[in-house]
Amino acid sequence: MANNGENPSPDVGGKTVKLKADDGEIFEVEEAVAMELQTVKSFFDDDGVSYDTVVPLLNVSSTALAKVIQYCRRAVELRAKSGDDEGANEKAREEREGLEAELVREESDEGIKELILAANYLNIKDMLSFLCRAVGDRIKNKSVEYVRRFFVLENDFSPEEEERTRNEVAWAFEGVDAD
Amino acid sequence: MQKMAGSSFPEEVLEHVFSFIQDGKDRNVISLVCKSWYEIERWSRRRVFVGNCYAISPRMVIRRFPEVRSVELKGKPHFADFSLVPDGWGGYVGPWIAAMAAAYPWLEEIRLKRMVVTDEGLELISKSFKNFKVLVLSSCEGFSTVGLAAIAANCRNLRELDLRESEVEDLSGHWLSHFPDNYTSLVSLNISCLTSEVSFSALERLVGRCPNLRTLRLNRAVPLDRLANLLRRAPQLVEFGTGVYASELRPDVFSNLSGAFSGCKELKGLSGFWDAVPVYVPAVYPICSRLTSLNLSYATIQSPDLIKLVSQCQNLQRLWVLDYIEDTGLDALAASCKDLRELRVFPSDPYEAEPNVSLSEQGLVSVSAGCPKLQSVLYFCRQMSNAALRTIARNRPNMTRFRLCIIEPRTPDYVTLQPLDAGFGAIVEHCKDLQRLSLSGLLTDRVFEYIGTFAKKLEMLSVAFAGESDLGLHHVLSGCENLRKLEIRDCPFGDKALLANAAKLETMRSLWMSSCCVSFGACKLLGQKMPRLNVEVIDERGPPDSRPESCHVEKLYIYRTVAGPRFDMPPFVWTMDEDSELRLS
């Protein structure tokens with residue numbers, strides 16, 4: 001069982017769950033954190049699956065899984081902090097937004113795409129949402145070519161189709177500021 | 001190893017990413033990436049902006065974007081605001097409403113500018129869209145309060161009703177009472193353009209039962225002594241427009257009003273103030289420091305009172321005011337309002353030959369020096385100099401919209417008696433992000449050379465009584481790479497520049513030329529050569545082919561379109577198309 005710096009042992013005393021990344025690395029995670037991943041939650045919701053079973057996450061790299069676990073751990077902590085107190089809620093919300101911003105800021109384009117696919121596969125609603133927003137921000141105010149490169153996509157329009165769409169778009173739908 | 005290719009992004013994830021991208025330009029980019037993205041994007045686009053309602057047909061929009069929730073359309077060209085577009089020219093929204101009623105049952109928002117809307121259209125809107133929320137009619141016409149009654153009665157989920165500057169046939173104020181008693185979702189109401197009295201008790205009840213009301217702009221007919229009651233029922237207001245702001249001074253009315261204003265802790269914007277009298281202006285002093293927007297363009301108060309008012313508005317970002325403010329008032333503005341972004345100074349008496357106020361170029365120079373964030377200017381005045389324009393340009397290279405209206409056409413630099421070419425040249429040279437420019441004063445072809453050379457980000461240019469020859473027009477059309485809208489009146493521009501730059505016209509939204517020197521023959525040629533343009537000749541003297549081809553047309557409106565020529569033209573508008581015969585004379 002690998003146990004490198006990215007995968008600190010959970011506190012003794014809580015129930016844990018084992019998650020296996022695509023390269024075989026096993027991550028032992030507190031149950032509350034593991035249940036943030038809806039895919040994992042569904043895995044155990046099935047009758048007869050014991051909590052000792054290692055959950056195979058074949059589509060997620062260990063790098064991505066480590067980051068996901070790190071985020072979910074912090075998210076669970078922050079949620080525990082908020083309660084009835086509006087002030088505490090506000091503070092927790094700000095901290096969570098800071099956490100999200102930091103995660104996004106540090107990621108390369110490749111990294112963020114990998115995280116989105118992981119968050120989607122693992123079905124983590126909040127994480128998927130802020131990651132999608134972050135990618136949206138990265139492709140705003142950019143050219144068509146830039147967006148194609150970002151997503152590694154080929155232009156499969158014929159020249160005539162492309163020209164027709166460009167014209168329709170430019171002539172009908174582009175805006176100029178208010179009079 | 002996990003595959004990294006973007007093509008492995010599932011459709012629902014892409015939709016999720018796209019849901020954070022609302023800007024039309026960005027959506028257009030997305031639609032061009034590849035075929036599958038085109039499809040995903042078109043099914044998920046919820047907001048459509050069509051800058052010229054004749055550039056595309058409703059059917060084409062609906063076919064491409066089947067799930068739209070919000071539509072914005074613009075109709076008549078901008079010069080319609082100066083009565084240069086004859087009545088009946090077009091801009092009818094009827095066909096759009098009919099098509100959308102069938103295709104977009106979930107439509108929530110309609111925003112129209114300079115379009116002709118009928119009562120039938122409003123009634124159709126009110127009955128076709130169950131979740132209808134926002135109706136903004138900006139400078140529209142063709143409807144009456146009967147149509148408004150239908151909207152009030154039937155749109156259960158209405159949030160916004162904004163009639164800004166529309167011309168409404170105001171049959172009675174009774175329409176307001178058509179909002180049902182259990183209707184509580186109003187967020188924004190702007191009836192400032194209406195002339196007749198609305199029922200005050202209906203208005204008070206409406207305001208009182210809508211807890212989310214943020215914007216309330218009353219019409220002139222609401223008397224001053226009614227304001228306090230309304231404000232007290234809506235202390236959460238963010239924007240408020242008074243009615244007539246004049247009354248005999250009564251201490252109880254004054255203190256009641258002042259108290260009511262103070263009670264509105266969120267109030268950031270004020271407007272209205274028709275015929276404002278100085279004695280009641282101090283009623284707003286308690287909230288001045290919170291104001292970011294102040295529209296005093298109907299307030300007839302003089303400079304000393306204006307100075308006292310604006311000096312207290314340290315957070316002001318936008319000021320619209322009459323030239324009663326004078327240079328001294330603008331000095332005070334420059335000293336007090338360091339956050340000012342937009343200034344509009346309107347003429348109190350534009351038809352008077354002699355100046356009635358002490359407002360000159362100095363006021364604008366002052367503000368340009370004192371307000372570092374000033375980006376947008378509309379300034380009516382009677383004198384200007386190249387030196388002042390140069391100073392303004394150097395002070396404010398961050399300017400993005402600059403509209404100068406020297407009231408008398410062809411007025412030279414009042415100091416040197418030279419044309420104002422160099423001054424405007426300085427503006428375009430220093431303000432590298434300038435998007436919008438209106439010229440005035442005595443101008444030769446030179447100014448257009450400067451514009452063509454420097455104004456690379458310019459999108460909209462308005463020209464009147466300027467230039468000497470086709471070279472002027474040629475400089476602009478060949479130099480301004482980002483030009484979208486060009487409107488010209490009374491300039492000696494003709495066929496040569498237009499025909500030489502025909503291709504440029506396909507990259508612009510529209511070109512308007514009136515009282516210029518463009519011949520009917522050139523219009524026909526243009527219409528023939530450029531099938532993707534609609535070349536409209538507007539001439540109230542009768543059919544242009546009843547005159548020689550070399551005869552100049554009265555007005556010319558050219559716009560790019562994918563919808564082909566329109567068929568709703570009045571008798572005085574002709575579209576030059578491929579079938580036009582070019583007779584050799």
# chains A, B, ... in the order shown; residues from 1 in each chain; ligands from 1
$ interface_residues --of "chain A" --to "chain B" --cutoff "9 Å" --atoms "only C-alpha atoms" --output "ChimeraX atom specification"
/A:22-23,59-61,110,113-114,116-117,120,128-129,131-137,139-145,147-148,150-157,162,165-177,179
$ residues_around --residues "A:Val29" --least-positions-apart "5" --cutoff "7 Å" --atoms "only C-alpha atoms" --output "PyMOL selection string"
chain A and resi 10+16-18+34
$ write_last_selection --atoms "N, CA, C and O atoms" --output "PDB file, in the first residue's frame"
ATOM      1  N   PRO A  10      -5.199   8.856   7.817  1.00  0.00           N
ATOM      2  CA  PRO A  10      -6.313   9.511   8.515  1.00  0.00           C
ATOM      3  C   PRO A  10      -6.179   9.345  10.025  1.00  0.00           C
ATOM      4  O   PRO A  10      -5.395   8.519  10.485  1.00  0.00           O
ATOM      5  N   THR A  16     -12.751   4.306   8.000  1.00  0.00           N
ATOM      6  CA  THR A  16     -12.111   4.740   6.758  1.00  0.00           C
ATOM      7  C   THR A  16     -12.544   3.868   5.598  1.00  0.00           C
ATOM      8  O   THR A  16     -13.090   2.777   5.775  1.00  0.00           O
ATOM      9  N   VAL A  17     -12.263   4.400   4.437  1.00  0.00           N
ATOM     10  CA  VAL A  17     -12.612   3.722   3.187  1.00  0.00           C
ATOM     11  C   VAL A  17     -11.363   3.718   2.320  1.00  0.00           C
ATOM     12  O   VAL A  17     -10.582   4.664   2.337  1.00  0.00           O
ATOM     13  N   LYS A  18     -11.181   2.653   1.546  1.00  0.00           N
ATOM     14  CA  LYS A  18      -9.999   2.597   0.681  1.00  0.00           C
ATOM     15  C   LYS A  18     -10.405   2.838  -0.774  1.00  0.00           C
ATOM     16  O   LYS A  18     -11.321   2.201  -1.293  1.00  0.00           O
ATOM     17  N   ALA A  34     -14.982  10.407   2.018  1.00  0.00           N
ATOM     18  CA  ALA A  34     -15.212   9.520   0.877  1.00  0.00           C
ATOM     19  C   ALA A  34     -16.635   9.657   0.354  1.00  0.00           C
ATOM     20  O   ALA A  34     -16.879   9.547  -0.851  1.00  0.00           O
TER      21      ALA A  34
END
$ residues_around --residues "A:Lys41" --least-positions-apart "3" --cutoff "10 Å" --atoms "only C-alpha atoms" --output "list in words"
Glu31, Ala32, Ala34, Met35, Glu36, Leu37, Gln38, Phe44, Asp45, Asp46, Leu122 and Asn123 of chain A
$ residues_around --residues "stretch 96-109 of chain B" --least-positions-apart "5" --cutoff "12 Å" --atoms "only C-alpha atoms" --output "PDB file with N, CA and C atoms, in the first residue's frame"
ATOM      1  N   ARG B  46     -29.169  30.653 -24.222  1.00  0.00           N
ATOM      2  CA  ARG B  46     -30.419  31.122 -23.641  1.00  0.00           C
ATOM      3  C   ARG B  46     -30.666  32.584 -23.944  1.00  0.00           C
ATOM      4  N   ARG B  47     -29.626  33.303 -24.335  1.00  0.00           N
ATOM      5  CA  ARG B  47     -29.772  34.735 -24.548  1.00  0.00           C
ATOM      6  C   ARG B  47     -29.285  35.099 -25.947  1.00  0.00           C
ATOM      7  N   VAL B  48     -30.103  35.819 -26.677  1.00  0.00           N
ATOM      8  CA  VAL B  48     -29.724  36.230 -28.030  1.00  0.00           C
ATOM      9  C   VAL B  48     -29.831  37.746 -28.158  1.00  0.00           C
ATOM     10  N   PHE B  49     -28.798  38.344 -28.733  1.00  0.00           N
ATOM     11  CA  PHE B  49     -28.814  39.775 -29.017  1.00  0.00           C
ATOM     12  C   PHE B  49     -28.738  39.964 -30.525  1.00  0.00           C
ATOM     13  N   VAL B  50     -29.705  40.655 -31.093  1.00  0.00           N
ATOM     14  CA  VAL B  50     -29.681  40.954 -32.536  1.00  0.00           C
ATOM     15  C   VAL B  50     -29.624  42.462 -32.689  1.00  0.00           C
ATOM     16  N   CYS B  53     -32.563  44.340 -36.348  1.00  0.00           N
ATOM     17  CA  CYS B  53     -33.642  43.348 -36.517  1.00  0.00           C
ATOM     18  C   CYS B  53     -33.799  42.886 -37.963  1.00  0.00           C
ATOM     19  N   TYR B  54     -33.203  43.639 -38.901  1.00  0.00           N
ATOM     20  CA  TYR B  54     -33.298  43.220 -40.297  1.00  0.00           C
ATOM     21  C   TYR B  54     -32.056  42.450 -40.770  1.00  0.00           C
ATOM     22  N   ILE B  56     -31.230  39.550 -39.718  1.00  0.00           N
ATOM     23  CA  ILE B  56     -31.549  38.120 -39.722  1.00  0.00           C
ATOM     24  C   ILE B  56     -33.057  37.994 -39.512  1.00  0.00           C
ATOM     25  N   SER B  57     -33.638  36.887 -39.932  1.00  0.00           N
ATOM     26  CA  SER B  57     -35.087  36.751 -39.765  1.00  0.00           C
ATOM     27  C   SER B  57     -35.391  35.984 -38.478  1.00  0.00           C
ATOM     28  N   PRO B  58     -36.576  36.200 -37.907  1.00  0.00           N
ATOM     29  CA  PRO B  58     -36.935  35.455 -36.695  1.00  0.00           C
ATOM     30  C   PRO B  58     -36.842  33.943 -36.914  1.00  0.00           C
ATOM     31  N   ARG B  59     -37.262  33.520 -38.082  1.00  0.00           N
ATOM     32  CA  ARG B  59     -37.250  32.082 -38.374  1.00  0.00           C
ATOM     33  C   ARG B  59     -35.832  31.526 -38.278  1.00  0.00           C
ATOM     34  N   MET B  60     -34.865  32.295 -38.798  1.00  0.00           N
ATOM     35  CA  MET B  60     -33.483  31.815 -38.782  1.00  0.00           C
ATOM     36  C   MET B  60     -32.948  31.742 -37.353  1.00  0.00           C
ATOM     37  N   VAL B  61     -33.316  32.721 -36.549  1.00  0.00           N
ATOM     38  CA  VAL B  61     -32.848  32.716 -35.159  1.00  0.00           C
ATOM     39  C   VAL B  61     -33.433  31.521 -34.423  1.00  0.00           C
ATOM     40  N   ILE B  62     -34.722  31.307 -34.606  1.00  0.00           N
ATOM     41  CA  ILE B  62     -35.400  30.219 -33.909  1.00  0.00           C
ATOM     42  C   ILE B  62     -34.863  28.869 -34.348  1.00  0.00           C
ATOM     43  N   ARG B  63     -34.589  28.755 -35.637  1.00  0.00           N
ATOM     44  CA  ARG B  63     -34.084  27.485 -36.148  1.00  0.00           C
ATOM     45  C   ARG B  63     -32.728  27.167 -35.542  1.00  0.00           C
ATOM     46  N   ARG B  64     -31.923  28.217 -35.389  1.00  0.00           N
ATOM     47  CA  ARG B  64     -30.576  27.968 -34.864  1.00  0.00           C
ATOM     48  C   ARG B  64     -30.578  27.815 -33.346  1.00  0.00           C
ATOM     49  N   PHE B  65     -31.379  28.620 -32.659  1.00  0.00           N
ATOM     50  CA  PHE B  65     -31.378  28.580 -31.188  1.00  0.00           C
ATOM     51  C   PHE B  65     -32.772  28.239 -30.692  1.00  0.00           C
ATOM     52  N   PRO B  66     -33.040  26.971 -30.480  1.00  0.00           N
ATOM     53  CA  PRO B  66     -34.410  26.563 -30.165  1.00  0.00           C
ATOM     54  C   PRO B  66     -34.837  26.776 -28.715  1.00  0.00           C
ATOM     55  N   GLU B  67     -33.884  27.084 -27.811  1.00  0.00           N
ATOM     56  CA  GLU B  67     -34.259  27.105 -26.383  1.00  0.00           C
ATOM     57  C   GLU B  67     -33.948  28.437 -25.730  1.00  0.00           C
ATOM     58  N   VAL B  68     -34.242  29.480 -26.447  1.00  0.00           N
ATOM     59  CA  VAL B  68     -33.872  30.811 -25.960  1.00  0.00           C
ATOM     60  C   VAL B  68     -34.833  31.290 -24.871  1.00  0.00           C
ATOM     61  N   ARG B  69     -34.294  32.004 -23.884  1.00  0.00           N
ATOM     62  CA  ARG B  69     -35.125  32.556 -22.811  1.00  0.00           C
ATOM     63  C   ARG B  69     -35.130  34.074 -22.812  1.00  0.00           C
ATOM     64  N   SER B  70     -34.162  34.662 -23.514  1.00  0.00           N
ATOM     65  CA  SER B  70     -34.024  36.120 -23.448  1.00  0.00           C
ATOM     66  C   SER B  70     -33.613  36.652 -24.809  1.00  0.00           C
ATOM     67  N   VAL B  71     -34.375  37.631 -25.299  1.00  0.00           N
ATOM     68  CA  VAL B  71     -34.105  38.191 -26.623  1.00  0.00           C
ATOM     69  C   VAL B  71     -33.956  39.698 -26.525  1.00  0.00           C
ATOM     70  N   GLU B  72     -32.943  40.217 -27.199  1.00  0.00           N
ATOM     71  CA  GLU B  72     -32.784  41.668 -27.287  1.00  0.00           C
ATOM     72  C   GLU B  72     -32.686  42.048 -28.757  1.00  0.00           C
ATOM     73  N   LEU B  73     -33.492  43.019 -29.170  1.00  0.00           N
ATOM     74  CA  LEU B  73     -33.523  43.440 -30.580  1.00  0.00           C
ATOM     75  C   LEU B  73     -33.407  44.943 -30.692  1.00  0.00           C
ATOM     76  N   LYS B  74     -32.730  45.387 -31.750  1.00  0.00           N
ATOM     77  CA  LYS B  74     -32.700  46.820 -32.024  1.00  0.00           C
ATOM     78  C   LYS B  74     -33.251  47.063 -33.423  1.00  0.00           C
ATOM     79  N   GLY B  75     -33.950  48.155 -33.576  1.00  0.00           N
ATOM     80  CA  GLY B  75     -34.626  48.411 -34.844  1.00  0.00           C
ATOM     81  C   GLY B  75     -34.043  49.577 -35.622  1.00  0.00           C
ATOM     82  N   GLY B  91     -38.890  48.699 -38.530  1.00  0.00           N
ATOM     83  CA  GLY B  91     -38.504  48.291 -37.177  1.00  0.00           C
ATOM     84  C   GLY B  91     -39.661  47.665 -36.425  1.00  0.00           C
ATOM     85  N   MET B 115     -37.922  50.232 -31.620  1.00  0.00           N
ATOM     86  CA  MET B 115     -38.769  49.387 -32.441  1.00  0.00           C
ATOM     87  C   MET B 115     -40.224  49.817 -32.317  1.00  0.00           C
ATOM     88  N   VAL B 116     -41.019  49.376 -33.287  1.00  0.00           N
ATOM     89  CA  VAL B 116     -42.433  49.694 -33.289  1.00  0.00           C
ATOM     90  C   VAL B 116     -43.175  48.491 -32.695  1.00  0.00           C
ATOM     91  N   VAL B 117     -43.836  48.749 -31.590  1.00  0.00           N
ATOM     92  CA  VAL B 117     -44.547  47.699 -30.849  1.00  0.00           C
ATOM     93  C   VAL B 117     -46.019  48.080 -30.831  1.00  0.00           C
ATOM     94  N   THR B 118     -46.909  47.139 -31.027  1.00  0.00           N
ATOM     95  CA  THR B 118     -48.334  47.474 -30.989  1.00  0.00           C
ATOM     96  C   THR B 118     -48.989  46.891 -29.743  1.00  0.00           C
ATOM     97  N   ASP B 119     -50.207  47.341 -29.479  1.00  0.00           N
ATOM     98  CA  ASP B 119     -50.958  46.786 -28.353  1.00  0.00           C
ATOM     99  C   ASP B 119     -51.213  45.304 -28.583  1.00  0.00           C
ATOM    100  N   GLU B 120     -51.466  44.935 -29.831  1.00  0.00           N
ATOM    101  CA  GLU B 120     -51.692  43.513 -30.137  1.00  0.00           C
ATOM    102  C   GLU B 120     -50.436  42.716 -29.788  1.00  0.00           C
ATOM    103  N   GLY B 121     -49.291  43.299 -30.122  1.00  0.00           N
ATOM    104  CA  GLY B 121     -48.028  42.638 -29.804  1.00  0.00           C
ATOM    105  C   GLY B 121     -47.860  42.448 -28.306  1.00  0.00           C
ATOM    106  N   LEU B 122     -48.171  43.491 -27.547  1.00  0.00           N
ATOM    107  CA  LEU B 122     -48.037  43.397 -26.097  1.00  0.00           C
ATOM    108  C   LEU B 122     -49.010  42.371 -25.534  1.00  0.00           C
ATOM    109  N   GLU B 123     -50.208  42.360 -26.094  1.00  0.00           N
ATOM    110  CA  GLU B 123     -51.174  41.387 -25.608  1.00  0.00           C
ATOM    111  C   GLU B 123     -50.705  39.968 -25.923  1.00  0.00           C
ATOM    112  N   LEU B 124     -50.148  39.784 -27.111  1.00  0.00           N
ATOM    113  CA  LEU B 124     -49.645  38.460 -27.480  1.00  0.00           C
ATOM    114  C   LEU B 124     -48.516  38.033 -26.546  1.00  0.00           C
ATOM    115  N   ILE B 125     -47.643  38.959 -26.214  1.00  0.00           N
ATOM    116  CA  ILE B 125     -46.574  38.659 -25.255  1.00  0.00           C
ATOM    117  C   ILE B 125     -47.187  38.205 -23.933  1.00  0.00           C
ATOM    118  N   SER B 126     -48.176  38.973 -23.473  1.00  0.00           N
ATOM    119  CA  SER B 126     -48.721  38.702 -22.143  1.00  0.00           C
ATOM    120  C   SER B 126     -49.412  37.346 -22.081  1.00  0.00           C
ATOM    121  N   LYS B 127     -49.884  36.858 -23.231  1.00  0.00           N
ATOM    122  CA  LYS B 127     -50.631  35.604 -23.199  1.00  0.00           C
ATOM    123  C   LYS B 127     -49.793  34.402 -23.615  1.00  0.00           C
ATOM    124  N   SER B 128     -48.651  34.629 -24.290  1.00  0.00           N
ATOM    125  CA  SER B 128     -47.909  33.507 -24.870  1.00  0.00           C
ATOM    126  C   SER B 128     -46.822  32.935 -23.981  1.00  0.00           C
ATOM    127  N   PHE B 129     -46.316  33.742 -23.063  1.00  0.00           N
ATOM    128  CA  PHE B 129     -45.137  33.302 -22.311  1.00  0.00           C
ATOM    129  C   PHE B 129     -45.465  33.222 -20.831  1.00  0.00           C
ATOM    130  N   LYS B 130     -45.692  31.989 -20.350  1.00  0.00           N
ATOM    131  CA  LYS B 130     -46.196  31.809 -18.994  1.00  0.00           C
ATOM    132  C   LYS B 130     -45.215  32.271 -17.937  1.00  0.00           C
ATOM    133  N   ASN B 131     -43.927  32.262 -18.273  1.00  0.00           N
ATOM    134  CA  ASN B 131     -42.925  32.610 -17.283  1.00  0.00           C
ATOM    135  C   ASN B 131     -42.278  33.958 -17.588  1.00  0.00           C
ATOM    136  N   PHE B 132     -43.049  34.831 -18.266  1.00  0.00           N
ATOM    137  CA  PHE B 132     -42.468  36.081 -18.730  1.00  0.00           C
ATOM    138  C   PHE B 132     -42.062  36.975 -17.568  1.00  0.00           C
ATOM    139  N   LYS B 133     -40.833  37.500 -17.608  1.00  0.00           N
ATOM    140  CA  LYS B 133     -40.314  38.238 -16.458  1.00  0.00           C
ATOM    141  C   LYS B 133     -39.891  39.672 -16.756  1.00  0.00           C
ATOM    142  N   VAL B 134     -39.321  39.905 -17.932  1.00  0.00           N
ATOM    143  CA  VAL B 134     -38.701  41.205 -18.166  1.00  0.00           C
ATOM    144  C   VAL B 134     -39.145  41.790 -19.498  1.00  0.00           C
ATOM    145  N   LEU B 135     -39.667  43.032 -19.444  1.00  0.00           N
ATOM    146  CA  LEU B 135     -39.998  43.755 -20.665  1.00  0.00           C
ATOM    147  C   LEU B 135     -39.352  45.128 -20.601  1.00  0.00           C
ATOM    148  N   VAL B 136     -38.409  45.372 -21.501  1.00  0.00           N
ATOM    149  CA  VAL B 136     -37.759  46.672 -21.571  1.00  0.00           C
ATOM    150  C   VAL B 136     -38.019  47.242 -22.952  1.00  0.00           C
ATOM    151  N   LEU B 137     -38.673  48.407 -22.991  1.00  0.00           N
ATOM    152  CA  LEU B 137     -38.982  49.062 -24.269  1.00  0.00           C
ATOM    153  C   LEU B 137     -38.282  50.411 -24.264  1.00  0.00           C
ATOM    154  N   CYS B 155     -49.207  38.920 -16.891  1.00  0.00           N
ATOM    155  CA  CYS B 155     -47.856  38.403 -16.641  1.00  0.00           C
ATOM    156  C   CYS B 155     -47.642  38.196 -15.152  1.00  0.00           C
ATOM    157  N   ARG B 156     -48.001  37.020 -14.684  1.00  0.00           N
ATOM    158  CA  ARG B 156     -47.994  36.763 -13.258  1.00  0.00           C
ATOM    159  C   ARG B 156     -46.606  36.782 -12.660  1.00  0.00           C
ATOM    160  N   ASN B 157     -45.597  36.515 -13.495  1.00  0.00           N
ATOM    161  CA  ASN B 157     -44.227  36.434 -12.973  1.00  0.00           C
ATOM    162  C   ASN B 157     -43.372  37.623 -13.368  1.00  0.00           C
ATOM    163  N   LEU B 158     -44.038  38.708 -13.765  1.00  0.00           N
ATOM    164  CA  LEU B 158     -43.291  39.858 -14.244  1.00  0.00           C
ATOM    165  C   LEU B 158     -42.369  40.418 -13.171  1.00  0.00           C
ATOM    166  N   ARG B 159     -41.117  40.682 -13.550  1.00  0.00           N
ATOM    167  CA  ARG B 159     -40.181  41.324 -12.617  1.00  0.00           C
ATOM    168  C   ARG B 159     -39.898  42.758 -13.027  1.00  0.00           C
ATOM    169  N   GLU B 160     -39.737  42.945 -14.332  1.00  0.00           N
ATOM    170  CA  GLU B 160     -39.311  44.257 -14.806  1.00  0.00           C
ATOM    171  C   GLU B 160     -40.225  44.781 -15.888  1.00  0.00           C
ATOM    172  N   LEU B 161     -40.654  46.023 -15.716  1.00  0.00           N
ATOM    173  CA  LEU B 161     -41.369  46.714 -16.778  1.00  0.00           C
ATOM    174  C   LEU B 161     -40.722  48.083 -16.914  1.00  0.00           C
ATOM    175  N   ASP B 162     -39.983  48.276 -17.995  1.00  0.00           N
ATOM    176  CA  ASP B 162     -39.168  49.473 -18.145  1.00  0.00           C
ATOM    177  C   ASP B 162     -39.482  50.097 -19.486  1.00  0.00           C
TER     178      ASP B 162
END
$ atom_distance --atom1 "atom CA of B:Ala388" --atom2 "atom CA of B:Leu364"
8.6 Å
$ closest_residue --among "B:Pro372, B:Pro419, B:Pro223, B:Gly329" --to "B:Ser247" --atoms "only C-alpha atoms"
B:Pro223
$ select_by_dssp --residues "stretch 397-467 of chain B" --states "strand (DSSP E)" --output "list of chain:residue names"
B:Arg401, B:Phe402, B:Arg403, B:Leu404, B:Cys405, B:Ile406, B:Arg436, B:Leu437, B:Ser438, B:Met460, B:Leu461, B:Ser462, B:Val463, B:Ala464
$ residues_around --residues "B:Gly441" --least-positions-apart "2" --cutoff "6 Å" --atoms "only C-alpha atoms" --output "list in words"
Ile406, Pro409, Arg410, Thr411 and Pro412 of chain B
$ atom_distance --atom1 "atom CA of A:Leu99" --atom2 "atom CA of A:Tyr121"
21.4 Å
$ closest_residue --among "B:Phe79, B:Phe200, B:Trp320, B:Phe240" --to "B:Val284" --atoms "only C-alpha atoms"
B:Phe240
$ atom_distance --atom1 "atom CA of B:His174" --atom2 "atom CA of B:Leu194"
12.1 Å
$ closest_residue --among "A:Val33, A:Glu107, A:Arg149, A:Ser158" --to "A:Ala80" --atoms "only C-alpha atoms"
A:Val33
$ decode --residues "stretch 425-460 of chain B" --atoms "C-alpha atoms" --output "mmCIF file, in the first residue's frame"
data_model
loop_
_atom_site.group_PDB
_atom_site.id
_atom_site.type_symbol
_atom_site.label_atom_id
_atom_site.label_comp_id
_atom_site.auth_asym_id
_atom_site.auth_seq_id
_atom_site.Cartn_x
_atom_site.Cartn_y
_atom_site.Cartn_z
ATOM 1 C CA GLY B 425 -6.775 64.226 -33.697
ATOM 2 C CA ALA B 426 -5.301 64.443 -30.225
ATOM 3 C CA ILE B 427 -8.332 62.659 -28.807
ATOM 4 C CA VAL B 428 -7.985 59.664 -31.118
ATOM 5 C CA GLU B 429 -4.239 59.599 -30.771
ATOM 6 C CA HIS B 430 -4.150 59.538 -26.981
ATOM 7 C CA CYS B 431 -7.322 57.607 -26.223
ATOM 8 C CA LYS B 432 -6.254 54.318 -27.679
ATOM 9 C CA ASP B 433 -9.278 52.416 -26.425
ATOM 10 C CA LEU B 434 -11.805 54.864 -27.806
ATOM 11 C CA GLN B 435 -14.891 52.925 -28.889
ATOM 12 C CA ARG B 436 -17.322 55.689 -29.619
ATOM 13 C CA LEU B 437 -16.790 59.185 -31.019
ATOM 14 C CA SER B 438 -19.081 62.007 -32.090
ATOM 15 C CA LEU B 439 -17.562 64.957 -33.918
ATOM 16 C CA SER B 440 -18.726 68.535 -34.228
ATOM 17 C CA GLY B 441 -17.402 71.965 -35.084
ATOM 18 C CA LEU B 442 -15.470 73.041 -38.155
ATOM 19 C CA LEU B 443 -13.662 69.998 -39.539
ATOM 20 C CA THR B 444 -11.787 69.317 -42.756
ATOM 21 C CA ASP B 445 -10.739 65.995 -44.301
ATOM 22 C CA ARG B 446 -7.734 66.156 -41.988
ATOM 23 C CA VAL B 447 -9.652 65.010 -38.935
ATOM 24 C CA PHE B 448 -10.706 61.897 -40.807
ATOM 25 C CA GLU B 449 -7.110 61.182 -41.679
ATOM 26 C CA TYR B 450 -6.297 61.256 -37.969
ATOM 27 C CA ILE B 451 -9.249 59.042 -37.188
ATOM 28 C CA GLY B 452 -8.314 56.517 -39.848
ATOM 29 C CA THR B 453 -4.744 56.470 -38.608
ATOM 30 C CA PHE B 454 -5.267 56.296 -34.861
ATOM 31 C CA ALA B 455 -8.779 55.170 -33.976
ATOM 32 C CA LYS B 456 -8.121 51.478 -34.269
ATOM 33 C CA LYS B 457 -10.583 50.399 -31.605
ATOM 34 C CA LEU B 458 -13.331 52.741 -32.731
ATOM 35 C CA GLU B 459 -16.657 50.977 -33.201
ATOM 36 C CA MET B 460 -19.101 53.826 -33.654
#
